[in-house]
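So this block is work_34.cif, mmCIF, C-alpha atoms (C1' of nucleotides):
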data_my_file
#
loop_
_atom_site.label_atom_id
_atom_site.label_comp_id
_atom_site.auth_asym_id
_atom_site.auth_seq_id
_atom_site.Cartn_x
_atom_site.Cartn_y
_atom_site.Cartn_z
CA MET Z 1442 181.03 14.69 -229.15
CA ALA Z 1443 182.21 11.16 -228.54
CA ALA Z 1444 180.75 8.32 -230.52
CA GLN Z 1445 179.10 5.91 -228.14
CA VAL Z 1446 181.54 3.05 -227.66
CA GLU Z 1447 181.53 0.07 -225.38
CA LEU Z 1448 184.24 0.29 -222.75
CA ASP Z 1449 185.33 -2.94 -221.12
CA VAL Z 1450 187.28 -3.54 -217.94
CA VAL Z 1451 190.62 -3.15 -219.69
CA ASP Z 1452 189.64 0.19 -221.19
CA MET Z 1453 188.63 1.45 -217.78
CA ARG Z 1454 191.97 0.40 -216.33
CA LEU Z 1455 193.78 2.32 -219.03
CA LEU Z 1456 191.66 5.42 -218.50
CA ARG Z 1457 192.13 5.31 -214.76
CA ALA Z 1458 195.88 4.98 -215.10
CA LEU Z 1459 196.17 7.77 -217.65
CA GLN Z 1460 194.00 9.99 -215.56
CA ASP Z 1461 196.56 9.84 -212.77
CA ASP Z 1462 199.59 10.12 -215.04
CA ALA Z 1463 199.17 11.07 -218.67
CA ARG Z 1464 202.89 10.62 -219.35
CA MET Z 1465 202.92 6.97 -218.32
CA THR Z 1466 204.71 4.90 -220.95
CA ASN Z 1467 202.85 2.45 -223.11
CA ARG Z 1468 204.92 -0.31 -221.56
CA GLU Z 1469 203.91 0.45 -217.99
CA LEU Z 1470 200.35 1.05 -219.02
CA ALA Z 1471 200.20 -2.39 -220.63
CA ALA Z 1472 201.69 -4.01 -217.54
CA ARG Z 1473 199.08 -2.42 -215.28
CA ALA Z 1474 196.22 -3.40 -217.53
CA GLY Z 1475 197.56 -6.92 -217.95
CA ILE Z 1476 197.83 -6.81 -221.74
CA ALA Z 1477 200.62 -6.82 -224.32
CA THR Z 1478 202.21 -3.52 -225.28
CA SER Z 1479 200.99 -3.84 -228.82
CA THR Z 1480 197.45 -4.41 -227.66
CA CYS Z 1481 197.80 -1.42 -225.42
CA SER Z 1482 198.81 0.81 -228.32
CA ASP Z 1483 195.78 -0.35 -230.25
CA ARG Z 1484 193.46 0.27 -227.35
CA LEU Z 1485 194.80 3.76 -226.79
CA ALA Z 1486 194.40 4.61 -230.45
CA ARG Z 1487 190.86 3.32 -230.35
CA LEU Z 1488 190.01 5.35 -227.24
CA ARG Z 1489 191.52 8.42 -228.83
CA ASP Z 1490 189.76 7.97 -232.15
CA ALA Z 1491 186.43 7.34 -230.44
CA GLY Z 1492 186.79 10.64 -228.60
CA VAL Z 1493 186.78 9.03 -225.18
CA MET Z 1494 190.13 10.63 -224.45
CA CYS Z 1495 190.14 14.23 -225.62
CA GLY Z 1496 193.57 15.65 -224.98
CA SER Z 1497 195.79 15.69 -221.94
CA ALA Z 1498 197.58 18.21 -219.79
CA VAL Z 1499 200.21 18.45 -217.11
CA ARG Z 1500 199.03 20.08 -213.92
CA ILE Z 1501 200.97 23.20 -213.11
CA GLU Z 1502 201.19 24.53 -209.58
CA PRO Z 1503 199.76 28.05 -209.90
CA SER Z 1504 201.90 29.41 -207.07
CA ALA Z 1505 205.03 28.19 -208.88
CA VAL Z 1506 204.23 30.42 -211.83
CA GLY Z 1507 203.41 33.45 -209.75
CA ARG Z 1508 199.65 33.08 -209.37
CA PRO Z 1509 199.10 31.83 -205.83
CA LEU Z 1510 195.61 33.25 -205.35
CA GLU Z 1511 192.54 31.52 -206.77
CA ALA Z 1512 188.94 32.65 -206.86
CA MET Z 1513 185.53 31.89 -208.26
CA LEU Z 1514 183.73 34.83 -209.83
CA ALA Z 1515 179.95 34.54 -210.13
CA VAL Z 1516 178.70 36.78 -212.91
CA ARG Z 1517 175.23 37.89 -214.00
CA VAL Z 1518 174.86 39.32 -217.49
CA HIS Z 1519 171.96 41.15 -219.08
CA PRO Z 1520 170.40 40.80 -221.48
CA HIS Z 1521 171.19 37.11 -221.49
CA ARG Z 1522 171.13 36.66 -225.27
CA ARG Z 1523 173.62 35.10 -227.61
CA PRO Z 1524 174.76 38.25 -229.43
CA LEU Z 1525 175.92 39.60 -226.08
CA VAL Z 1526 176.92 36.34 -224.45
CA ASP Z 1527 179.35 35.22 -227.14
CA PRO Z 1528 181.57 38.33 -226.95
CA PHE Z 1529 181.49 38.08 -223.17
CA VAL Z 1530 182.70 34.49 -223.31
CA ARG Z 1531 185.46 35.41 -225.75
CA HIS Z 1532 186.57 38.26 -223.52
CA VAL Z 1533 186.69 36.11 -220.40
CA LEU Z 1534 188.64 33.38 -222.19
CA ALA Z 1535 191.09 36.00 -223.47
CA GLN Z 1536 192.12 36.83 -219.89
CA PRO Z 1537 195.23 34.87 -218.91
CA GLU Z 1538 193.84 34.54 -215.39
CA THR Z 1539 190.88 32.45 -216.58
CA ARG Z 1540 191.24 28.76 -215.87
CA HIS Z 1541 187.65 27.64 -216.43
CA LEU Z 1542 184.44 29.30 -217.47
CA TYR Z 1543 181.07 27.71 -216.74
CA HIS Z 1544 177.69 28.69 -218.13
CA LEU Z 1545 175.17 27.73 -215.46
CA THR Z 1546 171.49 27.54 -214.69
CA GLY Z 1547 170.34 29.64 -211.77
CA PRO Z 1548 170.51 33.29 -210.77
CA ASP Z 1549 174.21 33.58 -211.63
CA ASP Z 1550 174.77 33.05 -215.33
CA PHE Z 1551 178.49 32.39 -215.34
CA LEU Z 1552 181.12 31.12 -212.98
CA ILE Z 1553 184.76 31.94 -213.68
CA HIS Z 1554 187.60 30.08 -212.00
CA VAL Z 1555 190.64 32.37 -211.98
CA THR Z 1556 194.23 32.22 -210.74
CA VAL Z 1557 195.67 35.63 -209.93
CA VAL Z 1558 198.89 37.19 -208.65
CA ASP Z 1559 197.36 38.91 -205.62
CA ALA Z 1560 194.29 40.76 -204.39
CA ALA Z 1561 195.17 43.78 -206.52
CA ASP Z 1562 195.26 41.63 -209.62
CA LEU Z 1563 191.90 40.17 -208.67
CA GLN Z 1564 190.45 43.62 -208.14
CA ARG Z 1565 191.71 44.75 -211.53
CA LEU Z 1566 190.18 41.71 -213.15
CA VAL Z 1567 186.78 42.31 -211.54
CA LEU Z 1568 186.64 46.08 -211.99
CA ASP Z 1569 188.37 46.57 -215.33
CA GLU Z 1570 187.58 43.38 -217.20
CA LEU Z 1571 184.16 42.41 -215.86
CA THR Z 1572 182.03 45.07 -214.17
CA ALA Z 1573 183.29 47.64 -216.69
CA ARG Z 1574 181.42 45.79 -219.43
CA ASP Z 1575 177.90 46.86 -220.25
CA GLU Z 1576 176.39 43.38 -220.23
CA VAL Z 1577 177.75 42.56 -216.77
CA VAL Z 1578 175.14 43.24 -214.10
CA MET Z 1579 176.88 41.81 -211.07
CA VAL Z 1580 180.07 40.05 -210.02
CA HIS Z 1581 180.42 38.18 -206.74
CA THR Z 1582 183.93 37.19 -205.74
CA HIS Z 1583 184.60 34.03 -203.76
CA LEU Z 1584 188.17 33.29 -202.76
CA ILE Z 1585 189.22 29.65 -202.86
CA PHE Z 1586 190.59 28.56 -199.49
CA HIS Z 1587 191.44 25.11 -200.74
CA GLN Z 1588 190.49 22.74 -203.48
CA TRP Z 1589 190.50 19.00 -203.98
CA ARG Z 1590 190.33 16.92 -207.12
CA GLY Z 1591 187.79 14.13 -207.24
CA GLY Z 1592 188.67 10.51 -207.83
CA PRO Z 1593 188.99 8.94 -211.25
CA LEU Z 1594 186.12 9.49 -213.63
CA LEU Z 1595 184.42 6.13 -213.73
CA PRO Z 1596 180.96 5.01 -214.70
CA PRO Z 1597 179.10 4.08 -211.51
CA GLY Z 1598 179.37 0.39 -210.82
CA ALA Z 1599 182.58 -0.11 -212.77
CA GLU Z 1600 185.13 -2.52 -211.33
CA GLY Z 1601 187.98 -1.22 -209.13
CA MET E 251 204.40 23.06 -202.10
CA ALA E 252 206.64 24.20 -204.88
CA ALA E 253 210.01 25.66 -204.05
CA GLN E 254 210.24 29.09 -205.57
CA VAL E 255 212.20 28.64 -208.76
CA GLU E 256 213.06 31.01 -211.54
CA LEU E 257 211.32 30.07 -214.76
CA ASP E 258 212.85 31.40 -217.95
CA VAL E 259 211.41 31.70 -221.43
CA VAL E 260 212.34 28.13 -222.31
CA ASP E 261 210.65 26.73 -219.21
CA MET E 262 207.50 28.59 -220.07
CA ARG E 263 207.53 27.18 -223.59
CA LEU E 264 207.80 23.67 -222.19
CA LEU E 265 204.97 24.24 -219.74
CA ARG E 266 202.73 25.71 -222.39
CA ALA E 267 203.34 22.80 -224.72
CA LEU E 268 202.77 20.18 -222.05
CA GLN E 269 199.64 21.91 -220.92
CA ASP E 270 198.10 21.32 -224.32
CA ASP E 271 199.45 17.80 -224.72
CA ALA E 272 200.98 15.99 -221.77
CA ARG E 273 201.96 13.02 -223.92
CA MET E 274 204.10 15.06 -226.30
CA THR E 275 207.46 13.34 -226.83
CA ASN E 276 210.65 14.78 -225.49
CA ARG E 277 211.89 15.19 -229.04
CA GLU E 278 209.00 17.32 -230.20
CA LEU E 279 209.07 19.27 -226.97
CA ALA E 280 212.74 20.10 -227.49
CA ALA E 281 212.13 21.16 -231.07
CA ARG E 282 209.36 23.54 -230.04
CA ALA E 283 211.44 25.04 -227.26
CA GLY E 284 214.49 25.35 -229.49
CA ILE E 285 216.81 23.27 -227.29
CA ALA E 286 218.58 19.92 -227.50
CA THR E 287 216.63 16.85 -226.50
CA SER E 288 219.02 16.16 -223.65
CA THR E 289 218.60 19.66 -222.33
CA CYS E 290 214.88 19.16 -222.57
CA SER E 291 215.02 16.03 -220.42
CA ASP E 292 217.00 17.93 -217.81
CA ARG E 293 214.58 20.82 -217.83
CA LEU E 294 211.58 18.57 -217.42
CA ALA E 295 213.18 16.75 -214.51
CA ARG E 296 213.98 20.07 -212.90
CA LEU E 297 210.43 21.35 -213.33
CA ARG E 298 209.09 18.12 -211.89
CA ASP E 299 211.45 18.08 -208.93
CA ALA E 300 210.77 21.72 -208.17
CA GLY E 301 207.06 20.97 -207.98
CA VAL E 302 206.17 23.30 -210.84
CA MET E 303 204.60 20.40 -212.67
CA CYS E 304 202.52 18.33 -210.27
CA GLY E 305 201.18 15.38 -212.19
CA SER E 306 199.30 15.13 -215.44
CA ALA E 307 196.06 13.68 -216.72
CA VAL E 308 194.28 12.81 -219.91
CA ARG E 309 190.97 14.53 -220.36
CA ILE E 310 188.12 12.08 -220.59
CA GLU E 311 184.87 13.00 -222.25
CA PRO E 312 182.30 12.49 -219.46
CA SER E 313 179.55 11.56 -221.89
CA ALA E 314 181.74 8.79 -223.32
CA VAL E 315 181.87 7.09 -219.93
CA GLY E 316 178.18 7.45 -219.26
CA ARG E 317 178.11 10.71 -217.32
CA PRO E 318 176.84 13.33 -219.75
CA LEU E 319 175.30 15.69 -217.19
CA GLU E 320 177.42 18.13 -215.20
CA ALA E 321 176.47 20.41 -212.35
CA MET E 322 177.80 22.73 -209.68
CA LEU E 323 176.45 22.13 -206.19
CA ALA E 324 176.72 25.04 -203.77
CA VAL E 325 176.69 23.75 -200.20
CA ARG E 326 176.40 25.46 -196.82
CA VAL E 327 177.49 23.52 -193.76
CA HIS E 328 176.96 24.24 -190.09
CA PRO E 329 178.72 24.47 -187.78
CA HIS E 330 181.58 25.40 -190.03
CA ARG E 331 184.31 23.85 -187.90
CA ARG E 332 187.10 21.47 -188.74
CA PRO E 333 185.83 18.41 -186.85
CA LEU E 334 182.73 18.51 -189.02
CA VAL E 335 184.26 19.89 -192.18
CA ASP E 336 186.92 17.20 -192.58
CA PRO E 337 184.47 14.27 -192.63
CA PHE E 338 182.27 16.21 -195.02
CA VAL E 339 185.19 16.72 -197.39
CA ARG E 340 186.12 13.06 -197.23
CA HIS E 341 182.55 12.04 -197.93
CA VAL E 342 182.26 14.31 -200.95
CA LEU E 343 185.56 13.10 -202.36
CA ALA E 344 184.43 9.51 -201.89
CA GLN E 345 181.58 10.03 -204.34
CA PRO E 346 182.59 8.92 -207.84
CA GLU E 347 180.56 11.80 -209.29
CA THR E 348 182.81 14.42 -207.67
CA ARG E 349 185.22 16.04 -210.07
CA HIS E 350 186.33 19.01 -207.99
CA LEU E 351 185.59 20.31 -204.54
CA TYR E 352 186.24 23.94 -203.61
CA HIS E 353 186.22 25.48 -200.16
CA LEU E 354 185.19 29.10 -200.66
CA THR E 355 184.72 32.40 -198.91
CA GLY E 356 181.19 33.80 -198.99
CA PRO E 357 177.74 32.58 -197.99
CA ASP E 358 178.21 29.20 -199.67
CA ASP E 359 180.98 27.23 -198.00
CA PHE E 360 181.65 24.62 -200.66
CA LEU E 361 181.22 24.24 -204.36
CA ILE E 362 181.17 20.74 -205.83
CA HIS E 363 181.65 20.11 -209.54
CA VAL E 364 179.97 16.80 -210.39
CA THR E 365 179.45 14.66 -213.48
CA VAL E 366 176.34 12.48 -213.28
CA VAL E 367 174.45 9.93 -215.34
CA ASP E 368 171.16 11.82 -215.44
CA ALA E 369 168.81 13.99 -213.40
CA ALA E 370 167.84 11.04 -211.22
CA ASP E 371 171.47 10.42 -210.36
CA LEU E 372 171.88 14.09 -209.53
CA GLN E 373 168.82 14.01 -207.31
CA ARG E 374 170.12 10.96 -205.48
CA LEU E 375 173.47 12.69 -204.95
CA VAL E 376 171.86 15.81 -203.54
CA LEU E 377 169.22 14.13 -201.39
CA ASP E 378 171.00 11.01 -200.18
CA GLU E 379 174.62 12.08 -200.05
CA LEU E 380 174.40 15.76 -199.17
CA THR E 381 171.20 17.09 -197.61
CA ALA E 382 170.85 13.85 -195.65
CA ARG E 383 173.94 14.77 -193.65
CA ASP E 384 173.50 16.68 -190.40
CA GLU E 385 176.12 19.31 -191.11
CA VAL E 386 174.63 20.23 -194.49
CA VAL E 387 172.32 23.21 -194.17
CA MET E 388 171.60 23.89 -197.81
CA VAL E 389 172.40 22.68 -201.31
CA HIS E 390 171.80 24.74 -204.43
CA THR E 391 172.06 22.90 -207.73
CA HIS E 392 173.27 24.66 -210.86
CA LEU E 393 173.36 22.67 -214.08
CA ILE E 394 176.28 23.35 -216.39
CA PHE E 395 175.05 24.33 -219.86
CA HIS E 396 178.52 24.53 -221.25
CA GLN E 397 182.07 24.99 -220.08
CA TRP E 398 185.29 26.31 -221.54
CA ARG E 399 188.89 25.86 -220.50
CA GLY E 400 191.03 28.95 -220.14
CA GLY E 401 194.23 29.52 -222.04
CA PRO E 402 197.62 28.31 -220.88
CA LEU E 403 198.58 29.18 -217.33
CA LEU E 404 201.21 31.86 -217.76
CA PRO E 405 202.60 34.46 -215.42
CA PRO E 406 201.34 37.89 -216.53
CA GLY E 407 203.78 39.57 -218.89
CA ALA E 408 205.45 36.36 -220.00
CA GLU E 409 206.45 36.09 -223.63
CA GLY E 410 204.17 34.35 -226.15
"C1'" DG O 1404 223.90 25.85 -218.70
"C1'" DC O 1405 224.37 23.67 -223.26
"C1'" DT O 1406 225.84 20.01 -226.55
"C1'" DG O 1407 226.54 15.46 -228.76
"C1'" DA O 1408 227.41 10.57 -228.74
"C1'" DA O 1409 226.84 6.11 -226.34
"C1'" DA O 1410 223.82 3.22 -223.55
"C1'" DA O 1411 219.32 2.01 -222.11
"C1'" DA O 1412 214.52 2.01 -222.62
"C1'" DT O 1413 210.61 2.46 -225.50
"C1'" DG O 1414 207.16 2.22 -229.42
"C1'" DA O 1415 205.83 0.22 -233.91
"C1'" DT O 1416 205.39 -3.59 -236.90
"C1'" DA O 1417 204.55 -8.06 -238.77
"C1'" DG O 1418 203.20 -12.68 -238.50
"C1'" DA O 1419 201.05 -16.50 -235.90
"C1'" DA O 1420 197.52 -18.19 -232.81
"C1'" DT L 903 191.29 -9.47 -231.29
"C1'" DT L 904 195.44 -10.58 -228.89
"C1'" DC L 905 200.21 -11.95 -228.25
"C1'" DT L 906 205.40 -12.75 -229.19
"C1'" DA L 907 209.55 -11.30 -231.22
"C1'" DT L 908 212.12 -8.14 -233.79
"C1'" DC L 909 213.78 -3.68 -235.12
"C1'" DA L 910 213.85 1.27 -235.60
"C1'" DT L 911 213.26 5.12 -232.75
"C1'" DT L 912 213.52 7.71 -228.73
"C1'" DT L 913 215.03 9.01 -224.10
"C1'" DT L 914 218.47 9.35 -220.77
"C1'" DT L 915 222.99 9.68 -219.11
"C1'" DC L 916 227.40 11.70 -218.93
"C1'" DA L 917 231.85 13.68 -220.31
"C1'" DG L 918 233.39 17.86 -222.38
"C1'" DC L 919 232.65 22.64 -223.88
#

Could the structure of this file be written out as structure tokens, please?
Amino acid sequence: MAAQVELDVVDMRLLRALQDDARMTNRELAARAGIATSTCSDRLARLRDAGVMCGSAVRIEPSAVGRPLEAMLAVRVHPHRRPLVDPFVRHVLAQPETRHLYHLTGPDDFLIHVTVVDAADLQRLVLDELTARDEVVMVHTHLIFHQWRGGPLLPPGAEG
Amino acid sequence: MAAQVELDVVDMRLLRALQDDARMTNRELAARAGIATSTCSDRLARLRDAGVMCGSAVRIEPSAVGRPLEAMLAVRVHPHRRPLVDPFVRHVLAQPETRHLYHLTGPDDFLIHVTVVDAADLQRLVLDELTARDEVVMVHTHLIFHQWRGGPLLPPGAEG
DNA sequence: GCTGAAAAATGATAGAA
DNA sequence: TTCTATCATTTTTCAGC
């Protein structure tokens, strides 16, 4: 986990900017934050080393790579014990359709966000990769009509 | 949306690399894909213009910015019609705790992925920002024990 | 569509405040 | 710490293959 570090206004500006465009140059980043480029480099290194920033990724349009259909799969497993849960998690993560896997409280143990080619692909995923497994008790499929990303991740009360 | 473009093996290599590290330099990217740096620049511009890559973001550790608790909120709204749904969506997206909002098929209309400061913050979000609204019929709260990201987004059958 | 060299932009460094 | 100035590196552009 991240070491607890104090983040000031400048750090927050950098994080906000990089959250909207991870490929922004150091130069532009410094300009936006109102600091020198060298200072900016130092700050970024510090944020990285402290574990505040943990990696980055380009967003890829799923439909552009042949996976236009998205769904949430709610899964109940039984018995809900680690020796059975760990292989289940590994299996789900091994599926190329898996985008995110969440272990939740509540009646449904897991939620899987998947991007699939079409309904047939989704059916295969549910029948052959999930319900076929002994530990899987139930799978509920929810298609995603639309999704939105939230705003920048900021501590409540931080400056704009 | 993305124009339908043909993606070859080299494009897929670039996308995979950038999905793991959006700040990777053009030089390293070209080396991994086995192409000249200039070709790599061209390819990236093409992928961007075609809408295959739609933005990028650094991942920020929620606990490092004071929001260590994550949850999924399942919400039912009524009546489920656009004049009421649109304001609801705007309101949810206006909350700084909102990371993702999904509009789903099934008994629950929306799923909200939130990062919060603590249980009190979560309670406030549910009571004051969601159930307080007329169109919200029900909110189920599911804490996130743990989450995993899926592998790289690849079209099925693509080369490794 | 790919390459390689020139031009432009960028990142890293050191030294001073 | 932060900034300014310098320099090595990198990215982009473009003519030719």

TODO: Show me as a list in words the residues that reach within 12 Å of (225.0, 23.9, -221.0), counting all atoms listed in the file and using the file's own coordinates.
DONE: Ile285, Ala286, Ser288, Thr289, Cys290, Asp292 and Arg293 of chain E; DG1404, DC1405, DT1406 and DG1407 of chain O; DG918 and DC919 of chain L

Task: Residues within 12 Å of (176.0, 12.0, -194.5), counting only C-alpha atoms (C1' of nucleotides), listed as number ranges by chain - done: E: 327, 334-335, 337-342, 344-345, 375-387

After superposing chain E onto chain Z (least squares, all C-alpha atoms, pairing by order), export the transformed chain as a tab-separated table (two decimals) with C-alpha atoms, in the coordinates of the input.
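superposed-v1.tsv written:
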chain	number	residue	atom	x	y	z
E	251	MET	CA	181.42	14.69	-229.52
E	252	ALA	CA	182.38	11.16	-228.68
E	253	ALA	CA	180.85	8.33	-230.62
E	254	GLN	CA	179.17	5.99	-228.20
E	255	VAL	CA	181.61	3.16	-227.69
E	256	GLU	CA	181.57	0.18	-225.40
E	257	LEU	CA	184.27	0.42	-222.78
E	258	ASP	CA	185.32	-2.83	-221.15
E	259	VAL	CA	187.24	-3.48	-217.96
E	260	VAL	CA	190.59	-3.11	-219.70
E	261	ASP	CA	189.65	0.25	-221.20
E	262	MET	CA	188.64	1.50	-217.81
E	263	ARG	CA	191.96	0.42	-216.33
E	264	LEU	CA	193.80	2.35	-219.03
E	265	LEU	CA	191.71	5.45	-218.48
E	266	ARG	CA	192.17	5.32	-214.74
E	267	ALA	CA	195.92	4.98	-215.08
E	268	LEU	CA	196.23	7.78	-217.60
E	269	GLN	CA	194.06	10.01	-215.50
E	270	ASP	CA	196.62	9.86	-212.72
E	271	ASP	CA	199.64	10.10	-215.00
E	272	ALA	CA	199.23	11.07	-218.63
E	273	ARG	CA	202.92	10.55	-219.34
E	274	MET	CA	202.93	6.91	-218.26
E	275	THR	CA	204.71	4.78	-220.87
E	276	ASN	CA	202.86	2.33	-223.02
E	277	ARG	CA	204.84	-0.47	-221.42
E	278	GLU	CA	203.82	0.32	-217.88
E	279	LEU	CA	200.27	0.97	-218.98
E	280	ALA	CA	200.09	-2.47	-220.58
E	281	ALA	CA	201.52	-4.13	-217.50
E	282	ARG	CA	198.93	-2.50	-215.25
E	283	ALA	CA	196.08	-3.44	-217.56
E	284	GLY	CA	197.36	-6.98	-217.97
E	285	ILE	CA	197.66	-6.87	-221.77
E	286	ALA	CA	200.45	-6.93	-224.34
E	287	THR	CA	202.12	-3.65	-225.18
E	288	SER	CA	200.93	-3.88	-228.77
E	289	THR	CA	197.37	-4.40	-227.66
E	290	CYS	CA	197.78	-1.42	-225.40
E	291	SER	CA	198.84	0.80	-228.29
E	292	ASP	CA	195.79	-0.31	-230.24
E	293	ARG	CA	193.48	0.34	-227.33
E	294	LEU	CA	194.85	3.81	-226.76
E	295	ALA	CA	194.47	4.70	-230.42
E	296	ARG	CA	190.92	3.44	-230.34
E	297	LEU	CA	190.07	5.45	-227.23
E	298	ARG	CA	191.61	8.53	-228.80
E	299	ASP	CA	189.85	8.11	-232.13
E	300	ALA	CA	186.53	7.46	-230.44
E	301	GLY	CA	186.86	10.74	-228.57
E	302	VAL	CA	186.84	9.10	-225.15
E	303	MET	CA	190.18	10.68	-224.41
E	304	CYS	CA	190.19	14.30	-225.56
E	305	GLY	CA	193.63	15.68	-224.93
E	306	SER	CA	195.82	15.71	-221.87
E	307	ALA	CA	197.64	18.23	-219.73
E	308	VAL	CA	200.27	18.48	-217.06
E	309	ARG	CA	199.10	20.11	-213.88
E	310	ILE	CA	201.04	23.24	-213.10
E	311	GLU	CA	201.27	24.59	-209.60
E	312	PRO	CA	199.80	28.11	-209.93
E	313	SER	CA	201.96	29.49	-207.15
E	314	ALA	CA	205.09	28.29	-208.96
E	315	VAL	CA	204.26	30.50	-211.93
E	316	GLY	CA	203.42	33.53	-209.85
E	317	ARG	CA	199.67	33.12	-209.45
E	318	PRO	CA	199.14	31.86	-205.91
E	319	LEU	CA	195.64	33.26	-205.39
E	320	GLU	CA	192.57	31.52	-206.80
E	321	ALA	CA	188.97	32.64	-206.87
E	322	MET	CA	185.53	31.89	-208.24
E	323	LEU	CA	183.73	34.83	-209.82
E	324	ALA	CA	179.96	34.53	-210.10
E	325	VAL	CA	178.70	36.78	-212.88
E	326	ARG	CA	175.22	37.87	-213.97
E	327	VAL	CA	174.82	39.28	-217.45
E	328	HIS	CA	171.92	41.12	-219.03
E	329	PRO	CA	170.34	40.74	-221.45
E	330	HIS	CA	171.15	37.07	-221.43
E	331	ARG	CA	171.10	36.61	-225.20
E	332	ARG	CA	173.57	35.06	-227.57
E	333	PRO	CA	174.69	38.22	-229.38
E	334	LEU	CA	175.88	39.56	-226.05
E	335	VAL	CA	176.87	36.31	-224.41
E	336	ASP	CA	179.30	35.19	-227.12
E	337	PRO	CA	181.50	38.30	-226.94
E	338	PHE	CA	181.44	38.07	-223.16
E	339	VAL	CA	182.65	34.47	-223.30
E	340	ARG	CA	185.41	35.37	-225.73
E	341	HIS	CA	186.52	38.24	-223.53
E	342	VAL	CA	186.67	36.08	-220.41
E	343	LEU	CA	188.61	33.37	-222.20
E	344	ALA	CA	191.05	35.98	-223.48
E	345	GLN	CA	192.10	36.82	-219.93
E	346	PRO	CA	195.21	34.86	-218.95
E	347	GLU	CA	193.83	34.54	-215.41
E	348	THR	CA	190.86	32.45	-216.58
E	349	ARG	CA	191.21	28.77	-215.86
E	350	HIS	CA	187.64	27.64	-216.43
E	351	LEU	CA	184.42	29.29	-217.46
E	352	TYR	CA	181.05	27.69	-216.72
E	353	HIS	CA	177.67	28.68	-218.10
E	354	LEU	CA	175.16	27.72	-215.42
E	355	THR	CA	171.48	27.51	-214.63
E	356	GLY	CA	170.32	29.62	-211.70
E	357	PRO	CA	170.51	33.28	-210.71
E	358	ASP	CA	174.20	33.55	-211.58
E	359	ASP	CA	174.77	33.02	-215.29
E	360	PHE	CA	178.49	32.35	-215.32
E	361	LEU	CA	181.11	31.10	-212.95
E	362	ILE	CA	184.75	31.92	-213.68
E	363	HIS	CA	187.60	30.07	-212.00
E	364	VAL	CA	190.64	32.37	-211.99
E	365	THR	CA	194.23	32.22	-210.78
E	366	VAL	CA	195.68	35.65	-209.98
E	367	VAL	CA	198.89	37.22	-208.73
E	368	ASP	CA	197.37	38.92	-205.70
E	369	ALA	CA	194.32	40.79	-204.44
E	370	ALA	CA	195.19	43.81	-206.56
E	371	ASP	CA	195.25	41.66	-209.68
E	372	LEU	CA	191.90	40.19	-208.70
E	373	GLN	CA	190.45	43.64	-208.17
E	374	ARG	CA	191.69	44.78	-211.57
E	375	LEU	CA	190.14	41.70	-213.18
E	376	VAL	CA	186.78	42.30	-211.55
E	377	LEU	CA	186.62	46.06	-212.01
E	378	ASP	CA	188.33	46.57	-215.35
E	379	GLU	CA	187.55	43.37	-217.21
E	380	LEU	CA	184.14	42.40	-215.86
E	381	THR	CA	182.01	45.06	-214.17
E	382	ALA	CA	183.26	47.62	-216.69
E	383	ARG	CA	181.39	45.77	-219.43
E	384	ASP	CA	177.84	46.84	-220.25
E	385	GLU	CA	176.35	43.37	-220.21
E	386	VAL	CA	177.73	42.54	-216.76
E	387	VAL	CA	175.14	43.23	-214.09
E	388	MET	CA	176.89	41.79	-211.08
E	389	VAL	CA	180.07	40.03	-210.00
E	390	HIS	CA	180.44	38.16	-206.73
E	391	THR	CA	183.96	37.18	-205.74
E	392	HIS	CA	184.62	34.03	-203.75
E	393	LEU	CA	188.21	33.29	-202.77
E	394	ILE	CA	189.25	29.65	-202.87
E	395	PHE	CA	190.65	28.56	-199.50
E	396	HIS	CA	191.50	25.13	-200.74
E	397	GLN	CA	190.52	22.73	-203.48
E	398	TRP	CA	190.54	18.99	-203.98
E	399	ARG	CA	190.36	16.88	-207.10
E	400	GLY	CA	187.82	14.09	-207.21
E	401	GLY	CA	188.70	10.47	-207.79
E	402	PRO	CA	189.02	8.90	-211.21
E	403	LEU	CA	186.13	9.46	-213.59
E	404	LEU	CA	184.43	6.09	-213.71
E	405	PRO	CA	180.99	5.02	-214.79
E	406	PRO	CA	178.99	4.03	-211.69
E	407	GLY	CA	179.28	0.32	-210.98
E	408	ALA	CA	182.52	-0.15	-212.87
E	409	GLU	CA	185.06	-2.52	-211.40
E	410	GLY	CA	187.92	-1.20	-209.24

Open item on the list: Going by the chain IDs and residue numbers used in this file, which residues fall under the PyMOL selection byres ((chain O) within 12 of (chain Z))? Write them as JSON, numbers by chain.
Closed with: {"O": [1412, 1413, 1414, 1415, 1416, 1417]}

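When all atoms listed in the file are used to measure the gap to Ile394 of chain E, the shortest distance among Z:Arg1522, Z:Arg1454, Z:Arg1508, Z:His1544 belongs to Z:His1544.
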
TODO: Give as an MDAnalysis selection string every residue of chain Z that touches chain E within 8 Å, counting all atoms listed in the file.
DONE: chainID Z and resid 1443:1446 1448 1456 1459:1464 1492:1508 1534:1547 1583:1597

Open item on the list: What's the separation between atom CA of Leu294 of chain E and atom CA of Arg1487 of chain Z, in Å to one decimal place?
Closed with: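 Atom-to-atom, atom CA of Leu294 of chain E and atom CA of Arg1487 of chain Z are spaced 28.8 Å apart.
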
Open item on the list: One decimal, in Å: what's the spacing between atom CA of Val389 of chain E and atom CA of Val325 of chain E?
Closed with: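 Computed distance, atom CA of Val389 of chain E to atom CA of Val325 of chain E, equals 4.6 Å.
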
TODO: Would you kindly report the residues of chain L within 12 Å of chain Z, using all atoms listed in the file, as a PyMOL selection string?
DONE: chain L and resi 903-907+913

- [ ] May I ask for the distance between atom CA of Ala324 of chain E and atom CA of Leu1514 of chain Z, given in Å to one decimal place?
- [x]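 These atoms are spaced 13.5 Å apart.
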